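**Q** I have a structure I would like to understand better, so I am pasting it below and will then ask my questions one at a time.
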Amino acid sequence: MHSGELHMSASRRIALVAHDSKKLDLLDWARYNRGLLAAHQLYGTGTTGDLLERGAGLEVVKLKSGPWGGDQQIGAKIADGEIDLLIFFWDPLETQAHDTDVKALLRIAVVWNIPVACNRASADFIISSPLMTDDYQRIVPDYQEYVTRRDVAYNLTPPVDAVAP
């Protein structure tokens, strides 16, 4: 179910997200990797983005806080092809009020085939990969193929404006 490849330039658009109990871990990781991260366009949910700007001196496009829709905003940016990599330090041992949003964000990252790091070790592996700075052709899903299969399965006719004269 893919339409082809999407070219990713050497500069990545990276979303940085962390649950409250993991924010200091992400901040420590970002400080350590500041030089590498500064070469990329960074996005963050509200509190995390503010923490990274003030605590690590990084420029971050700040969206809403996670519980206020920030996770969903990042998910929308992933679906729109505006995020290349998700670094999400989440706490699997603590229930979050917005757990459904967290699950949706991780799901959409997998659907759109972007790299995801959920802890410091995976973030270290991803950021140190030669693919972080080399050109990369990411395979993206073909949504139109899905719509066509759905229409056939439900015996739907094409929309009126799609019918040839």
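Just remember, in the structure tokens the first chain shown is A, the second B, etc., residues are 1-based per chain, and ligands are 1-based in the order shown.
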Please extract the residues of chain A with a backbone DSSP assignment of strand (DSSP E) and present them as JSON, numbers by chain.

**A** {"A": [2, 3, 4, 5, 6, 7, 8, 13, 14, 15, 16, 17, 18, 41, 42, 43, 44, 60, 61, 62, 85, 86, 87, 88, 89, 116, 117, 136, 137, 138, 139, 140, 141]}

**Q** Please save C-alpha atoms of the selected residues as a CSV table (one decimal), in the first residue's frame.

**A**
```csv
chain,number,residue,atom,x,y,z
A,2,HIS,CA,2.5,2.6,-1.0
A,3,SER,CA,2.4,5.2,-3.8
A,4,GLY,CA,6.1,5.5,-4.0
A,5,GLU,CA,8.9,7.4,-2.3
A,6,LEU,CA,9.1,10.7,-0.6
A,7,HIS,CA,12.4,12.5,-0.8
A,8,MET,CA,13.7,13.6,2.6
A,13,ARG,CA,11.8,18.2,10.6
A,14,ILE,CA,11.8,16.6,14.0
A,15,ALA,CA,8.9,16.4,16.5
A,16,LEU,CA,10.0,16.3,20.1
A,17,VAL,CA,7.5,15.2,22.7
A,18,ALA,CA,7.8,13.9,26.3
A,41,GLN,CA,13.7,22.2,12.1
A,42,LEU,CA,12.3,21.2,15.6
A,43,TYR,CA,8.6,21.0,16.6
A,44,GLY,CA,7.4,20.3,20.1
A,60,VAL,CA,11.4,25.0,18.6
A,61,VAL,CA,8.1,25.6,16.8
A,62,LYS,CA,5.7,25.2,19.8
A,85,LEU,CA,10.9,12.0,12.6
A,86,LEU,CA,9.2,11.6,16.0
A,87,ILE,CA,11.1,11.5,19.2
A,88,PHE,CA,8.6,10.8,21.9
A,89,PHE,CA,9.9,10.0,25.4
A,116,VAL,CA,10.0,6.9,15.9
A,117,ALA,CA,12.1,6.9,19.0
A,136,TYR,CA,16.6,9.3,2.1
A,137,GLN,CA,13.7,8.0,0.1
A,138,ARG,CA,10.9,7.2,2.5
A,139,ILE,CA,8.1,4.9,1.2
A,140,VAL,CA,4.7,6.5,1.9
A,141,PRO,CA,1.3,4.9,1.9
```

**Q** To test your reading of the structure, identify every residue in stretch 29-85 of chain A that backbone DSSP assigns to alpha helix (DSSP H), and report it as a PyMOL selection string.

**A** chain A and resi 29-32+34-37+46-56+70-79

**Q** Of the candidates A:Ser21, A:Gln72, A:Asn33, A:Thr133, which shows the shortest atom-to-atom distance to A:Thr45, using only C-alpha atoms?

**A**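 Residue with the minimum atom-to-atom distance to A:Thr45: A:Gln72.
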
**Q** Report, in Å with one decimal, the straight-line distance from atom CA of A:Leu24 to atom CA of A:Gly69.

**A**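 Computing it gives 21.5 Å between the two atoms.
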
**Q** For A:Leu58, which residue out of A:Gln144, A:Tyr32, A:Gly70, A:Asp151 is the nearest one, using only C-alpha atoms?

**A**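 The shortest atom-to-atom distance to A:Leu58 comes from A:Tyr32.
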